[in-house]
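Below is one structure; the comments refer to it alone.
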Amino acid sequence: MESTTHRAEPGRAARSTRLPREQRRRQLLDSAGAVFAANGYHATVMDDIAEAAGVSKPVLYQHFPSKLDLYLALLDASADQVVELVSGAMAATDDNADRVSSAIGAFYAYVTEHQTFRLIFETDLNPDPRVRDLVWRIHTDLAEAIGQVIALDTRLPADEARLLGVSLVGLAQVSARYWTNESSGIGQARAVELVSQLAWRGIRAFPRVTANA
């Protein structure tokens, strides 16, 4: 009798926790992000992700036909997230020094709060062209967002402003990755301050041009 009751519990729990499709998809992506970040792509199997999400493998496969499809969906969602964070940080102020600091700070906040940063910046699946294209899109989208602000403020040509944007993205993401992977003893606020000062000393060489100039 006890074993029968025990077997029935998972079914009751599954029915009581049935989620709308999009909410379930988001939950599966969150669980997959944690597993992929901890184990890497190649060492992860779909059973690991299903177990972490508390679902059966058939449920997982209903949403994502393969491990690669799931990984690509996760990369895509993470790309949108990091671009939104950095763009929002820059849009919060019209002071250029503060913009630099806010953009750098957004990177550091992302690598601190979201383990999925490893999927973007430390992926072990770069040889796959679909992954490589997605990772490159993140860099170019960020560079474009930053470059647009630089072009607007400095009147530099768009291609030159975009190159400066790429450079700032590289500085921010490499330093943030180094900081989170090393036990340097430097606090997050101080790390952001140091890197922001370095970036600002470079970018301020391109003075802001007023509308009347």
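We name chains A, B, ... following the order of the structure tokens; residues begin at 1 in each chain, and ligands are numbered from 1 as shown.
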
For stretch 69-120 of chain A versus stretch 130-134 of chain A, which residues have an atom no more than 12 Å away, and what is each residue's nearest atom pair and distance in Å rounded to one decimal, using only C-alpha atoms, chain-then-number order, as a Markdown table?
| residue | atom | partner | partner_atom | distance |
| --- | --- | --- | --- | --- |
| A:Asp69 | CA | A:Arg130 | CA | 10.1 |
| A:Leu70 | CA | A:Val131 | CA | 11.5 |
| A:Tyr71 | CA | A:Val131 | CA | 8.6 |
| A:Leu72 | CA | A:Val131 | CA | 6.7 |
| A:Ala73 | CA | A:Leu134 | CA | 9.9 |
| A:Leu74 | CA | A:Leu134 | CA | 10.4 |
| A:Leu75 | CA | A:Leu134 | CA | 7.0 |
| A:Asp76 | CA | A:Leu134 | CA | 6.8 |
| A:Ala77 | CA | A:Leu134 | CA | 10.3 |
| A:Ser78 | CA | A:Leu134 | CA | 10.1 |
| A:Ala79 | CA | A:Leu134 | CA | 7.8 |
| A:Asp80 | CA | A:Leu134 | CA | 10.6 |
| A:Leu119 | CA | A:Val131 | CA | 9.7 |
| A:Ile120 | CA | A:Leu134 | CA | 8.5 |

Skipping near chain neighbours, those fewer than 4 positions away, what residues fall within 12 Å of A:Trp200 using only C-alpha atoms, listed as a PyMOL selection string? chain A and resi 95-104+164+168+171-172+192-196+204-207

Check the smallest atom-to-atom distance from each of A:Lys67, A:Ala176, A:Leu85, A:Asp153 to A:Phe121 using only C-alpha atoms, then report the winner. A:Ala176

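Residues in contact range of stretch 37-46 of chain A, defined as at most 9 Å between only C-alpha atoms, with sequence neighbours fewer than 4 positions away removed, read Ala32, Gly33, Ala50, Glu51, Lys57, Leu60, Tyr61, Ser66, Lys67, Leu68, Tyr71, Gln115, Thr116, Phe117, Arg118, Leu119, Thr123, Asp124 and Leu125 of chain A.
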
Write out as a ChimeraX atom specification all residues of stretch 62-207 of chain A that backbone DSSP assigns to alpha helix (DSSP H). /A:62-63,67-91,96-113,117-121,129-154,158-181,188-203

Residues from last step as file, C-alpha atoms, as a short mmCIF file (atom, residue, chain, number, x, y, z; two decimals), in the first residue's frame:
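Below you can see again_24.cif, which holds the result:
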data_model
loop_
_atom_site.label_atom_id
_atom_site.label_comp_id
_atom_site.auth_asym_id
_atom_site.auth_seq_id
_atom_site.Cartn_x
_atom_site.Cartn_y
_atom_site.Cartn_z
CA GLN A 62 8.70 18.62 -26.40
CA HIS A 63 10.26 22.05 -26.03
CA LYS A 67 20.73 19.43 -26.71
CA LEU A 68 22.13 21.79 -29.35
CA ASP A 69 18.69 23.34 -29.94
CA LEU A 70 18.41 23.95 -26.21
CA TYR A 71 21.91 25.43 -26.03
CA LEU A 72 21.24 27.76 -28.96
CA ALA A 73 17.95 28.92 -27.44
CA LEU A 74 19.75 29.62 -24.18
CA LEU A 75 22.49 31.57 -25.94
CA ASP A 76 19.89 33.59 -27.80
CA ALA A 77 18.02 34.46 -24.60
CA SER A 78 21.28 35.32 -22.82
CA ALA A 79 22.32 37.54 -25.72
CA ASP A 80 19.13 39.55 -25.46
CA GLN A 81 19.56 39.81 -21.70
CA VAL A 82 23.11 41.16 -21.67
CA VAL A 83 22.44 43.62 -24.51
CA GLU A 84 19.35 44.88 -22.70
CA LEU A 85 21.28 45.32 -19.44
CA VAL A 86 24.11 47.29 -21.02
CA SER A 87 21.83 49.39 -23.24
CA GLY A 88 19.56 50.18 -20.29
CA ALA A 89 22.52 51.19 -18.15
CA MET A 90 23.74 53.65 -20.77
CA ALA A 91 20.27 55.06 -21.37
CA ASN A 96 29.33 60.30 -20.77
CA ALA A 97 31.59 59.45 -17.84
CA ASP A 98 28.61 57.94 -16.07
CA ARG A 99 27.66 56.07 -19.23
CA VAL A 100 31.05 54.42 -19.37
CA SER A 101 30.85 53.49 -15.70
CA SER A 102 27.28 52.19 -16.09
CA ALA A 103 28.17 50.04 -19.11
CA ILE A 104 31.19 48.53 -17.33
CA GLY A 105 29.11 48.03 -14.20
CA ALA A 106 26.41 46.22 -16.21
CA PHE A 107 28.99 43.71 -17.44
CA TYR A 108 30.25 43.08 -13.94
CA ALA A 109 26.72 42.72 -12.62
CA TYR A 110 25.92 40.24 -15.37
CA VAL A 111 28.91 37.97 -14.71
CA THR A 112 28.20 38.16 -10.98
CA GLU A 113 24.49 37.40 -11.13
CA PHE A 117 27.85 34.44 -18.99
CA ARG A 118 30.15 31.41 -19.32
CA LEU A 119 28.02 30.12 -22.19
CA ILE A 120 28.55 33.38 -24.06
CA PHE A 121 32.13 34.28 -23.29
CA PRO A 129 29.03 27.93 -36.79
CA ARG A 130 25.59 28.52 -35.25
CA VAL A 131 27.12 29.03 -31.81
CA ARG A 132 29.91 31.16 -33.21
CA ASP A 133 27.41 33.35 -35.06
CA LEU A 134 25.30 33.82 -31.93
CA VAL A 135 28.30 34.75 -29.78
CA TRP A 136 29.46 37.17 -32.45
CA ARG A 137 25.98 38.70 -32.60
CA ILE A 138 26.21 39.50 -28.91
CA HIS A 139 29.48 41.35 -29.44
CA THR A 140 28.22 43.22 -32.49
CA ASP A 141 24.89 44.15 -30.91
CA LEU A 142 26.68 45.55 -27.87
CA ALA A 143 29.22 47.36 -30.02
CA GLU A 144 26.41 48.80 -32.12
CA ALA A 145 24.52 50.06 -29.06
CA ILE A 146 27.64 51.69 -27.61
CA GLY A 147 28.81 52.95 -31.01
CA GLN A 148 25.51 54.72 -31.62
CA VAL A 149 25.95 56.70 -28.43
CA ILE A 150 29.55 57.54 -29.31
CA ALA A 151 28.59 58.61 -32.85
CA LEU A 152 25.77 60.79 -31.57
CA ASP A 153 27.96 62.53 -29.01
CA THR A 154 31.19 62.89 -31.00
CA ALA A 158 29.42 55.30 -37.77
CA ASP A 159 32.13 52.77 -38.66
CA GLU A 160 34.70 54.55 -36.47
CA ALA A 161 32.25 54.82 -33.56
CA ARG A 162 31.39 51.13 -33.93
CA LEU A 163 35.10 50.23 -33.72
CA LEU A 164 35.37 52.18 -30.47
CA GLY A 165 32.25 50.36 -29.27
CA VAL A 166 33.84 46.97 -30.05
CA SER A 167 36.94 48.04 -28.12
CA LEU A 168 34.93 49.05 -25.07
CA VAL A 169 32.97 45.79 -25.18
CA GLY A 170 36.21 43.82 -25.30
CA LEU A 171 37.67 45.74 -22.38
CA ALA A 172 34.54 45.27 -20.28
CA GLN A 173 33.91 41.58 -20.92
CA VAL A 174 37.52 40.41 -20.71
CA SER A 175 38.19 42.30 -17.48
CA ALA A 176 34.89 41.11 -15.98
CA ARG A 177 35.68 37.49 -16.88
CA TYR A 178 39.15 37.78 -15.40
CA TRP A 179 37.80 39.38 -12.24
CA THR A 180 35.15 36.74 -11.63
CA ASN A 181 37.50 33.83 -12.36
CA GLN A 188 33.13 44.51 -7.43
CA ALA A 189 32.64 48.25 -6.94
CA ARG A 190 36.38 48.89 -6.95
CA ALA A 191 36.92 46.70 -10.02
CA VAL A 192 34.21 48.61 -11.90
CA GLU A 193 35.77 51.90 -10.80
CA LEU A 194 39.25 50.91 -11.99
CA VAL A 195 38.16 49.63 -15.39
CA SER A 196 35.79 52.57 -15.90
CA GLN A 197 38.61 55.01 -15.22
CA LEU A 198 40.79 53.25 -17.79
CA ALA A 199 38.00 53.27 -20.39
CA TRP A 200 37.02 56.87 -19.72
CA ARG A 201 40.59 58.13 -20.04
CA GLY A 202 40.61 56.66 -23.52
CA ILE A 203 37.13 57.59 -24.72
#
